[in-house]
file my_file.cif (mmCIF, C-alpha atoms)
data_coords
#
loop_
_atom_site.label_atom_id
_atom_site.label_comp_id
_atom_site.auth_asym_id
_atom_site.auth_seq_id
_atom_site.Cartn_x
_atom_site.Cartn_y
_atom_site.Cartn_z
CA MET A 1 -45.14 37.87 15.06
CA THR A 2 -45.21 41.20 16.92
CA ASP A 3 -42.73 43.94 16.30
CA SER A 4 -40.86 44.70 19.49
CA THR A 5 -39.66 48.05 18.14
CA SER A 6 -43.11 49.46 17.37
CA GLY A 7 -43.48 51.12 20.77
CA ARG A 8 -40.00 52.51 21.12
CA PRO A 9 -40.73 56.14 20.15
CA ASP A 10 -43.51 56.21 22.78
CA ASP A 11 -41.09 54.68 25.27
CA ILE A 12 -38.59 57.41 24.58
CA THR A 13 -41.29 60.07 24.98
CA SER A 14 -42.51 58.54 28.20
CA MET A 15 -39.00 58.18 29.52
CA ALA A 16 -38.24 61.78 28.64
CA SER A 17 -41.50 63.03 30.26
CA GLU A 18 -40.84 61.29 33.56
CA PRO A 19 -37.51 62.59 34.93
CA LEU A 20 -36.27 61.25 38.18
CA PRO A 21 -36.69 63.55 41.14
CA GLY A 22 -33.56 65.43 41.99
CA ALA A 23 -31.78 64.49 38.72
CA ASP A 24 -30.65 66.62 35.84
CA PRO A 25 -33.29 66.27 33.09
CA ALA A 26 -30.76 66.64 30.24
CA ALA A 27 -28.42 63.99 31.68
CA SER A 28 -31.27 61.54 32.30
CA GLU A 29 -32.51 61.97 28.76
CA ALA A 30 -28.98 61.31 27.35
CA GLU A 31 -28.61 58.15 29.46
CA ARG A 32 -31.96 56.85 28.27
CA VAL A 33 -31.07 57.48 24.63
CA ALA A 34 -27.66 55.79 25.07
CA ALA A 35 -29.29 52.72 26.65
CA LEU A 36 -31.82 52.53 23.85
CA VAL A 37 -29.10 52.83 21.21
CA GLU A 38 -27.11 50.06 22.91
CA GLN A 39 -30.16 47.80 22.99
CA LEU A 40 -30.86 48.43 19.31
CA ALA A 41 -27.22 47.69 18.44
CA ARG A 42 -27.42 44.35 20.26
CA GLU A 43 -30.61 43.44 18.43
CA ALA A 44 -29.08 44.42 15.08
CA ALA A 45 -26.00 42.26 15.76
CA ASP A 46 -28.24 39.37 16.77
CA ASN A 47 -30.34 39.70 13.61
CA LYS A 48 -27.20 39.90 11.46
CA ASP A 49 -25.82 36.72 13.06
CA LYS A 50 -29.13 34.92 12.40
CA LEU A 51 -29.11 36.10 8.80
CA LEU A 52 -25.53 34.92 8.22
CA ARG A 53 -26.31 31.55 9.78
CA SER A 54 -29.37 31.15 7.56
CA LEU A 55 -27.36 32.03 4.45
CA ALA A 56 -24.63 29.52 5.41
CA GLU A 57 -27.21 26.80 6.02
CA MET A 58 -28.83 27.50 2.64
CA GLU A 59 -25.43 27.30 0.94
CA ASN A 60 -24.63 24.00 2.64
CA MET A 61 -28.00 22.63 1.64
CA ARG A 62 -27.44 23.72 -1.96
CA ARG A 63 -24.04 22.00 -2.12
CA ARG A 64 -25.39 18.88 -0.44
CA THR A 65 -28.26 18.71 -2.90
CA GLU A 66 -25.93 19.11 -5.86
CA ARG A 67 -23.71 16.33 -4.55
CA GLN A 68 -26.65 14.02 -4.00
CA VAL A 69 -27.93 14.70 -7.50
CA ALA A 70 -24.48 14.01 -8.98
CA ASP A 71 -24.18 10.76 -6.99
CA ALA A 72 -27.65 9.69 -8.07
CA ARG A 73 -26.77 10.40 -11.69
CA GLU A 74 -23.45 8.52 -11.49
CA TYR A 75 -24.27 5.65 -9.13
CA GLY A 76 -27.99 5.26 -9.77
CA ILE A 77 -27.37 2.27 -12.07
CA THR A 78 -25.20 0.40 -9.56
CA ALA A 79 -27.65 -2.44 -8.98
CA PHE A 80 -28.44 -2.77 -12.70
CA ALA A 81 -24.73 -2.72 -13.66
CA ARG A 82 -23.93 -5.38 -11.05
CA ASP A 83 -26.56 -7.67 -12.58
CA VAL A 84 -25.31 -7.06 -16.12
CA LEU A 85 -21.78 -8.11 -15.10
CA GLY A 86 -22.99 -11.70 -14.90
CA VAL A 87 -23.93 -11.57 -18.59
CA ALA A 88 -20.50 -10.21 -19.51
CA ASP A 89 -18.79 -12.95 -17.46
CA ASN A 90 -20.79 -15.71 -19.14
CA MET A 91 -19.94 -14.40 -22.60
CA ASN A 92 -16.26 -14.24 -21.69
CA ARG A 93 -16.33 -17.81 -20.33
CA ALA A 94 -18.06 -19.06 -23.47
CA LEU A 95 -15.39 -17.53 -25.70
CA SER A 96 -12.49 -18.72 -23.52
CA THR A 97 -13.61 -22.36 -23.65
CA ILE A 98 -13.17 -22.53 -27.43
CA ASP A 99 -9.88 -24.08 -28.48
CA PRO A 100 -7.83 -21.82 -30.80
CA GLN A 101 -7.22 -24.78 -33.12
CA LEU A 102 -10.96 -25.43 -33.30
CA ARG A 103 -11.49 -21.77 -34.10
CA GLU A 104 -9.08 -21.99 -37.02
CA THR A 105 -10.56 -25.19 -38.44
CA ALA A 106 -14.20 -24.14 -37.95
CA ASP A 107 -16.45 -23.56 -40.93
CA ALA A 108 -17.69 -20.16 -42.03
CA GLY A 109 -20.95 -20.38 -40.08
CA LEU A 110 -19.25 -21.15 -36.76
CA LYS A 111 -16.67 -18.42 -37.33
CA SER A 112 -19.44 -15.91 -37.97
CA LEU A 113 -21.17 -16.99 -34.77
CA LEU A 114 -17.97 -16.55 -32.73
CA GLU A 115 -17.30 -13.16 -34.28
CA GLY A 116 -20.87 -12.11 -33.43
CA VAL A 117 -20.44 -13.16 -29.79
CA GLU A 118 -17.13 -11.28 -29.54
CA LEU A 119 -18.69 -8.20 -31.10
CA THR A 120 -21.58 -8.39 -28.61
CA GLU A 121 -19.15 -8.64 -25.69
CA ARG A 122 -17.14 -5.64 -26.87
CA GLU A 123 -20.31 -3.62 -27.37
CA LEU A 124 -21.56 -4.53 -23.90
CA LEU A 125 -18.29 -3.44 -22.29
CA LYS A 126 -18.35 -0.23 -24.33
CA VAL A 127 -21.87 0.59 -23.14
CA LEU A 128 -20.91 -0.12 -19.53
CA GLU A 129 -17.87 2.13 -19.84
CA LYS A 130 -20.05 4.85 -21.34
CA HIS A 131 -22.09 4.85 -18.13
CA GLY A 132 -19.04 4.90 -15.85
CA VAL A 133 -18.46 1.15 -15.39
CA LYS A 134 -14.86 0.19 -16.15
CA LYS A 135 -13.20 -3.22 -16.17
CA PHE A 136 -9.75 -3.75 -14.60
CA GLU A 137 -7.36 -6.71 -14.41
CA PRO A 138 -4.66 -6.04 -11.78
CA THR A 139 -2.01 -8.55 -12.95
CA GLY A 140 1.41 -7.53 -11.60
CA GLU A 141 0.01 -4.86 -9.28
CA LYS A 142 0.35 -4.65 -5.51
CA PHE A 143 -2.44 -6.45 -3.69
CA ASP A 144 -5.04 -3.98 -2.41
CA PRO A 145 -7.75 -5.42 -0.11
CA ASN A 146 -10.06 -2.55 -1.09
CA LEU A 147 -9.98 -3.57 -4.77
CA HIS A 148 -8.94 -7.24 -4.78
CA GLN A 149 -10.14 -10.42 -3.14
CA ALA A 150 -7.42 -13.03 -2.55
CA MET A 151 -8.42 -16.58 -3.48
CA TYR A 152 -5.10 -18.42 -3.02
CA GLU A 153 -1.32 -17.93 -2.85
CA VAL A 154 1.05 -18.61 -5.74
CA PRO A 155 4.65 -19.58 -4.80
CA ASP A 156 6.70 -17.40 -7.15
CA SER A 157 10.14 -15.97 -6.38
CA SER A 158 10.20 -13.85 -9.55
CA LEU A 159 7.54 -11.49 -8.13
CA PRO A 160 7.65 -9.43 -4.94
CA ASN A 161 5.73 -10.80 -2.01
CA GLY A 162 2.11 -9.61 -2.03
CA THR A 163 1.90 -9.02 -5.80
CA VAL A 164 -1.08 -10.13 -7.87
CA ALA A 165 0.21 -13.10 -9.88
CA GLN A 166 -3.03 -14.38 -11.44
CA VAL A 167 -6.50 -12.95 -12.08
CA VAL A 168 -9.32 -15.47 -11.69
CA GLN A 169 -12.09 -12.96 -12.37
CA PRO A 170 -11.67 -9.31 -13.44
CA GLY A 171 -13.03 -6.51 -11.31
CA TYR A 172 -15.21 -3.52 -12.17
CA MET A 173 -15.31 0.09 -10.96
CA ILE A 174 -18.23 2.49 -11.21
CA GLY A 175 -16.98 6.03 -10.97
CA GLU A 176 -14.60 6.10 -8.02
CA ARG A 177 -16.30 3.23 -6.18
CA ILE A 178 -15.72 -0.49 -6.39
CA LEU A 179 -18.57 -2.31 -8.10
CA ARG A 180 -17.04 -5.78 -7.85
CA PRO A 181 -13.60 -6.73 -6.52
CA ALA A 182 -11.23 -8.75 -8.69
CA LEU A 183 -10.64 -12.36 -7.66
CA VAL A 184 -6.88 -12.86 -7.70
CA GLY A 185 -4.03 -15.17 -6.72
CA VAL A 186 -1.31 -13.47 -4.67
CA ALA A 187 2.37 -14.24 -5.12
CA LYS A 188 4.26 -15.63 -2.15
CA ALA A 189 8.05 -15.63 -2.31
CA ARG A 190 9.80 -18.94 -1.65
CA PRO A 191 12.01 -19.05 1.46
CA LYS A 192 15.55 -17.98 0.69
CA PRO A 193 18.48 -20.38 1.34
CA PRO A 194 20.56 -19.67 4.45
CA ALA A 195 23.24 -17.09 4.00
CA PRO A 196 26.86 -18.32 3.64
CA PRO A 197 29.14 -17.99 6.68
CA PRO A 198 30.94 -14.69 7.11
CA ALA A 199 34.48 -14.20 5.80
CA GLU A 200 36.10 -14.53 9.26
CA ALA A 201 34.39 -17.82 9.92
CA ALA A 202 35.54 -19.13 6.53
CA LYS A 203 39.12 -18.07 7.24
CA ALA A 204 39.03 -19.72 10.68
CA GLU A 205 37.73 -22.93 9.11
CA GLU A 206 40.52 -22.92 6.50
CA ARG A 207 43.13 -22.34 9.24
CA ALA A 208 41.73 -25.26 11.25
CA GLU A 209 41.94 -27.50 8.18
CA GLU A 210 45.58 -26.50 7.58
CA LEU A 211 46.50 -27.27 11.21
CA ALA A 212 44.77 -30.62 10.98
CA ASP A 213 46.70 -31.50 7.78
CA GLU A 214 50.01 -30.58 9.43
CA HIS A 215 49.18 -32.75 12.45
CA VAL A 216 48.37 -35.70 10.19
CA GLU A 217 51.68 -35.36 8.31
CA THR A 218 53.68 -35.22 11.57
CA SER A 219 51.97 -38.31 12.92
CA ALA A 220 52.69 -40.23 9.70
CA ASN A 221 56.43 -39.46 9.91
CA ASP A 222 56.62 -40.63 13.55
CA ASN A 223 54.89 -43.97 12.84
CA THR A 224 57.01 -45.27 9.89
CA GLY A 225 58.65 -48.06 12.11
CA GLU A 226 62.28 -47.50 10.93
CA PRO A 227 64.83 -46.77 13.71
CA ASP A 228 66.81 -43.64 13.46
CA ILE A 229 70.48 -44.16 12.37
CA VAL A 230 72.98 -42.52 14.70
CA ASP A 231 76.54 -42.02 13.44
CA GLU A 232 79.02 -43.24 16.11
CA PRO A 233 82.76 -42.35 16.02
CA ASP A 234 85.24 -45.14 15.06
CA ILE A 235 87.24 -46.69 17.97
CA LEU A 236 90.97 -46.55 17.17
CA ASP A 237 93.62 -48.82 18.80
CA ILE A 238 95.80 -46.16 20.43
CA PRO A 239 98.89 -47.59 22.21
CA ASN A 240 98.98 -47.02 25.95
CA PRO A 241 102.43 -46.39 27.33
CA LEU A 242 101.44 -47.73 30.76
CA ARG A 243 100.72 -51.14 29.42
CA SER A 244 103.51 -53.78 29.52
CA PRO A 245 104.99 -55.15 26.29
CA LYS A 246 103.64 -58.54 27.11
CA SER A 247 100.15 -57.30 27.48
CA ARG A 248 100.62 -55.21 24.39
CA SER A 249 101.75 -58.24 22.40
CA THR A 250 98.81 -60.16 23.55
#
call {"tool": "encode", "arguments": {"input": "my_file.cif", "output": "structure tokens"}}
result
Amino acid sequence: MTDSTSGRPDDITSMASEPLPGADPAASEAERVAALVEQLAREAADNKDKLLRSLAEMENMRRRTERQVADAREYGITAFARDVLGVADNMNRALSTIDPQLRETADAGLKSLLEGVELTERELLKVLEKHGVKKFEPTGEKFDPNLHQAMYEVPDSSLPNGTVAQVVQPGYMIGERILRPALVGVAKARPKPPAPPPAEAAKAEERAEELADEHVETSANDNTGEPDIVDEPDILDIPNPLRSPKSRST
């Protein structure tokens, strides 16, 4: 790489030794020096910008390398941990198939065997947790498609809709990532009964029933079949002075 500034003093000397015809030598020399200073300032700013960019790129590379190393240290056993989960599941299934009554009535040898299997399972889970693998059972939590895998719906009105009601298989996390989602049954609320009629509709219905009862009572009174009794005034035998005595005697 050649140095572009190596010939600048000679350039200044040559520029100073060759004044333009008819120009002031002192003014020409000052203009040449000012132009050279401006050019050097631009080159210095350009070199400073390149240096800052290189330093920023080196810092980004350092941070990226540290993050990759941390991820490799934390998630490097992902494939191995995923394979070991099958062993933990089989041990859990083997213990869950034993009847509690059979466990109580078992002899000392069988009890020792069961205790050894339980101890092995706990130790396995402890070792997995030591390396960042944690077990979780989301019973009663809100269903999250990023952490849970729905297997079926459970009609249950006691739980909010979309809540994990049952856990078929527990899930595992490694660090902040999902290693295996939990297989769950999601609660589905039963349909609610229809709402009762509003208060005004109930009042209108009661009023209609009262009017219907009154109409029935009125119709029953009109259809009894007994004639109405009308009180008529008594007819008195009042003597008429215009009538003859003969006709009166008769």
call {"tool": "atom_distance", "arguments": {"input": "my_file.cif", "atom1": "CA of Asp46 in chain A", "atom2": "CA of Ser28 in chain A"}}
result
27.2 Å
call {"tool": "atom_distance", "arguments": {"input": "my_file.cif", "atom1": "CA of Gly140 in chain A", "atom2": "CA of Tyr152 in chain A"}}
result
15.3 Å
call {"tool": "resolve_selection", "arguments": {"input": "my_file.cif", "expression": "the PyMOL selection byres ((chain A and resi 128-135) around 9)", "output": "CSV table (one decimal) with C-alpha atoms, in the frame of the given file"}}
result
chain,number,residue,atom,x,y,z
A,74,GLU,CA,-23.4,8.5,-11.5
A,75,TYR,CA,-24.3,5.6,-9.1
A,77,ILE,CA,-27.4,2.3,-12.1
A,78,THR,CA,-25.2,0.4,-9.6
A,81,ALA,CA,-24.7,-2.7,-13.7
A,84,VAL,CA,-25.3,-7.1,-16.1
A,123,GLU,CA,-20.3,-3.6,-27.4
A,124,LEU,CA,-21.6,-4.5,-23.9
A,125,LEU,CA,-18.3,-3.4,-22.3
A,126,LYS,CA,-18.4,-0.2,-24.3
A,127,VAL,CA,-21.9,0.6,-23.1
A,136,PHE,CA,-9.8,-3.8,-14.6
A,137,GLU,CA,-7.4,-6.7,-14.4
A,170,PRO,CA,-11.7,-9.3,-13.4
A,171,GLY,CA,-13.0,-6.5,-11.3
A,172,TYR,CA,-15.2,-3.5,-12.2
A,173,MET,CA,-15.3,0.1,-11.0
A,174,ILE,CA,-18.2,2.5,-11.2
A,175,GLY,CA,-17.0,6.0,-11.0
A,179,LEU,CA,-18.6,-2.3,-8.1
call {"tool": "closest_residue", "arguments": {"input": "my_file.cif", "among": "A:Gly109, A:Gly116, A:Pro155, A:Pro145", "to": "Leu95 in chain A", "atoms": "only C-alpha atoms"}}
result
A:Gly116
call {"tool": "atom_distance", "arguments": {"input": "my_file.cif", "atom1": "CA of Arg122 in chain A", "atom2": "CA of Asn90 in chain A"}}
result
13.2 Å
call {"tool": "resolve_selection", "arguments": {"input": "my_file.cif", "expression": "the PyMOL selection byres ((chain A and resi 184) around 9)", "output": "MDAnalysis selection string"}}
result
chainID A and resid 138:139 143 148:153 164:170 182:183 185:186
call {"tool": "closest_residue", "arguments": {"input": "my_file.cif", "among": "A:Ala72, A:Leu147, A:Leu119, A:Leu113", "to": "Pro181 in chain A", "atoms": "only C-alpha atoms"}}
result
A:Leu147
call {"tool": "closest_residue", "arguments": {"input": "my_file.cif", "among": "A:Asp107, A:Ser54, A:Met61, A:Glu121", "to": "Asp89 in chain A", "atoms": "only C-alpha atoms"}}
result
A:Glu121
call {"tool": "closest_residue", "arguments": {"input": "my_file.cif", "among": "A:Asp99, A:Glu206, A:Asp71, A:Asp156", "to": "Lys188 in chain A", "atoms": "only C-alpha atoms"}}
result
A:Asp156
call {"tool": "decode", "arguments": {"input": "my_file.cif", "residues": "range 20-60 of chain A", "atoms": "N, CA and C atoms", "output": "JSON list (two decimals), in the first residue's frame"}}
result
[["chain", "number", "residue", "atom", "x", "y", "z"],
["A", 20, "LEU", "N", 1.60, 31.55, -10.77],
["A", 20, "LEU", "CA", 0.89, 31.85, -12.00],
["A", 20, "LEU", "C", 1.33, 33.21, -12.52],
["A", 21, "PRO", "N", 1.39, 33.35, -13.82],
["A", 21, "PRO", "CA", 1.78, 34.66, -14.37],
["A", 21, "PRO", "C", 0.73, 35.72, -14.09],
["A", 22, "GLY", "N", 1.16, 36.83, -13.64],
["A", 22, "GLY", "CA", 0.27, 37.95, -13.36],
["A", 22, "GLY", "C", -0.44, 37.86, -12.04],
["A", 23, "ALA", "N", -0.11, 36.88, -11.16],
["A", 23, "ALA", "CA", -0.78, 36.72, -9.88],
["A", 23, "ALA", "C", 0.19, 37.09, -8.76],
["A", 24, "ASP", "N", -0.42, 37.42, -7.63],
["A", 24, "ASP", "CA", 0.38, 37.77, -6.47],
["A", 24, "ASP", "C", 0.99, 36.48, -5.90],
["A", 25, "PRO", "N", 2.30, 36.39, -5.77],
["A", 25, "PRO", "CA", 2.91, 35.15, -5.29],
["A", 25, "PRO", "C", 2.48, 34.80, -3.87],
["A", 26, "ALA", "N", 2.35, 35.76, -2.99],
["A", 26, "ALA", "CA", 1.95, 35.47, -1.60],
["A", 26, "ALA", "C", 0.52, 34.94, -1.53],
["A", 27, "ALA", "N", -0.38, 35.52, -2.32],
["A", 27, "ALA", "CA", -1.78, 35.06, -2.31],
["A", 27, "ALA", "C", -1.89, 33.66, -2.91],
["A", 28, "SER", "N", -1.15, 33.39, -3.97],
["A", 28, "SER", "CA", -1.21, 32.05, -4.57],
["A", 28, "SER", "C", -0.70, 31.00, -3.60],
["A", 29, "GLU", "N", 0.39, 31.34, -2.90],
["A", 29, "GLU", "CA", 0.92, 30.39, -1.94],
["A", 29, "GLU", "C", -0.08, 30.12, -0.82],
["A", 30, "ALA", "N", -0.79, 31.12, -0.32],
["A", 30, "ALA", "CA", -1.78, 30.94, 0.74],
["A", 30, "ALA", "C", -2.95, 30.09, 0.27],
["A", 31, "GLU", "N", -3.39, 30.27, -0.98],
["A", 31, "GLU", "CA", -4.49, 29.48, -1.52],
["A", 31, "GLU", "C", -4.10, 28.02, -1.64],
["A", 32, "ARG", "N", -2.84, 27.80, -2.09],
["A", 32, "ARG", "CA", -2.38, 26.42, -2.21],
["A", 32, "ARG", "C", -2.31, 25.73, -0.85],
["A", 33, "VAL", "N", -1.82, 26.44, 0.13],
["A", 33, "VAL", "CA", -1.73, 25.86, 1.49],
["A", 33, "VAL", "C", -3.12, 25.59, 2.05],
["A", 34, "ALA", "N", -4.07, 26.51, 1.82],
["A", 34, "ALA", "CA", -5.44, 26.30, 2.31],
["A", 34, "ALA", "C", -6.09, 25.10, 1.65],
["A", 35, "ALA", "N", -5.85, 24.92, 0.33],
["A", 35, "ALA", "CA", -6.42, 23.76, -0.36],
["A", 35, "ALA", "C", -5.82, 22.46, 0.15],
["A", 36, "LEU", "N", -4.50, 22.50, 0.41],
["A", 36, "LEU", "CA", -3.86, 21.30, 0.93],
["A", 36, "LEU", "C", -4.36, 20.95, 2.33],
["A", 37, "VAL", "N", -4.54, 21.96, 3.16],
["A", 37, "VAL", "CA", -5.07, 21.74, 4.51],
["A", 37, "VAL", "C", -6.50, 21.17, 4.45],
["A", 38, "GLU", "N", -7.30, 21.69, 3.54],
["A", 38, "GLU", "CA", -8.67, 21.18, 3.40],
["A", 38, "GLU", "C", -8.68, 19.72, 2.94],
["A", 39, "GLN", "N", -7.78, 19.39, 2.01],
["A", 39, "GLN", "CA", -7.69, 18.00, 1.55],
["A", 39, "GLN", "C", -7.24, 17.08, 2.67],
["A", 40, "LEU", "N", -6.28, 17.50, 3.46],
["A", 40, "LEU", "CA", -5.81, 16.69, 4.58],
["A", 40, "LEU", "C", -6.90, 16.52, 5.64],
["A", 41, "ALA", "N", -7.70, 17.55, 5.85],
["A", 41, "ALA", "CA", -8.80, 17.46, 6.82],
["A", 41, "ALA", "C", -9.84, 16.44, 6.37],
["A", 42, "ARG", "N", -10.13, 16.45, 5.05],
["A", 42, "ARG", "CA", -11.09, 15.47, 4.53],
["A", 42, "ARG", "C", -10.56, 14.05, 4.68],
["A", 43, "GLU", "N", -9.29, 13.86, 4.40],
["A", 43, "GLU", "CA", -8.71, 12.53, 4.55],
["A", 43, "GLU", "C", -8.68, 12.08, 6.01],
["A", 44, "ALA", "N", -8.42, 13.01, 6.92],
["A", 44, "ALA", "CA", -8.42, 12.67, 8.34],
["A", 44, "ALA", "C", -9.82, 12.28, 8.81],
["A", 45, "ALA", "N", -10.83, 13.02, 8.34],
["A", 45, "ALA", "CA", -12.21, 12.68, 8.72],
["A", 45, "ALA", "C", -12.61, 11.32, 8.16],
["A", 46, "ASP", "N", -12.16, 11.06, 6.91],
["A", 46, "ASP", "CA", -12.48, 9.76, 6.31],
["A", 46, "ASP", "C", -11.80, 8.62, 7.06],
["A", 47, "ASN", "N", -10.55, 8.80, 7.43],
["A", 47, "ASN", "CA", -9.84, 7.77, 8.20],
["A", 47, "ASN", "C", -10.45, 7.57, 9.59],
["A", 48, "LYS", "N", -10.90, 8.65, 10.20],
["A", 48, "LYS", "CA", -11.55, 8.53, 11.52],
["A", 48, "LYS", "C", -12.87, 7.76, 11.40],
["A", 49, "ASP", "N", -13.64, 8.04, 10.34],
["A", 49, "ASP", "CA", -14.90, 7.32, 10.15],
["A", 49, "ASP", "C", -14.65, 5.82, 9.93],
["A", 50, "LYS", "N", -13.59, 5.50, 9.13],
["A", 50, "LYS", "CA", -13.26, 4.09, 8.92],
["A", 50, "LYS", "C", -12.84, 3.42, 10.22],
["A", 51, "LEU", "N", -12.08, 4.13, 11.02],
["A", 51, "LEU", "CA", -11.64, 3.57, 12.30],
["A", 51, "LEU", "C", -12.82, 3.31, 13.23],
["A", 52, "LEU", "N", -13.74, 4.27, 13.32],
["A", 52, "LEU", "CA", -14.91, 4.09, 14.19],
["A", 52, "LEU", "C", -15.78, 2.93, 13.70],
["A", 53, "ARG", "N", -15.92, 2.80, 12.39],
["A", 53, "ARG", "CA", -16.71, 1.70, 11.85],
["A", 53, "ARG", "C", -16.05, 0.35, 12.16],
["A", 54, "SER", "N", -14.73, 0.30, 12.05],
["A", 54, "SER", "CA", -14.02, -0.94, 12.36],
["A", 54, "SER", "C", -14.16, -1.30, 13.83],
["A", 55, "LEU", "N", -14.06, -0.30, 14.70],
["A", 55, "LEU", "CA", -14.22, -0.56, 16.14],
["A", 55, "LEU", "C", -15.63, -1.04, 16.45],
["A", 56, "ALA", "N", -16.66, -0.44, 15.82],
["A", 56, "ALA", "CA", -18.03, -0.87, 16.05],
["A", 56, "ALA", "C", -18.26, -2.29, 15.56],
["A", 57, "GLU", "N", -17.68, -2.61, 14.39],
["A", 57, "GLU", "CA", -17.82, -3.97, 13.87],
["A", 57, "GLU", "C", -17.13, -4.99, 14.78],
["A", 58, "MET", "N", -15.98, -4.64, 15.31],
["A", 58, "MET", "CA", -15.29, -5.55, 16.23],
["A", 58, "MET", "C", -16.09, -5.74, 17.52],
["A", 59, "GLU", "N", -16.73, -4.67, 17.99],
["A", 59, "GLU", "CA", -17.55, -4.79, 19.21],
["A", 59, "GLU", "C", -18.78, -5.66, 18.95],
["A", 60, "ASN", "N", -19.40, -5.48, 17.80],
["A", 60, "ASN", "CA", -20.55, -6.33, 17.46],
["A", 60, "ASN", "C", -20.14, -7.79, 17.32]]
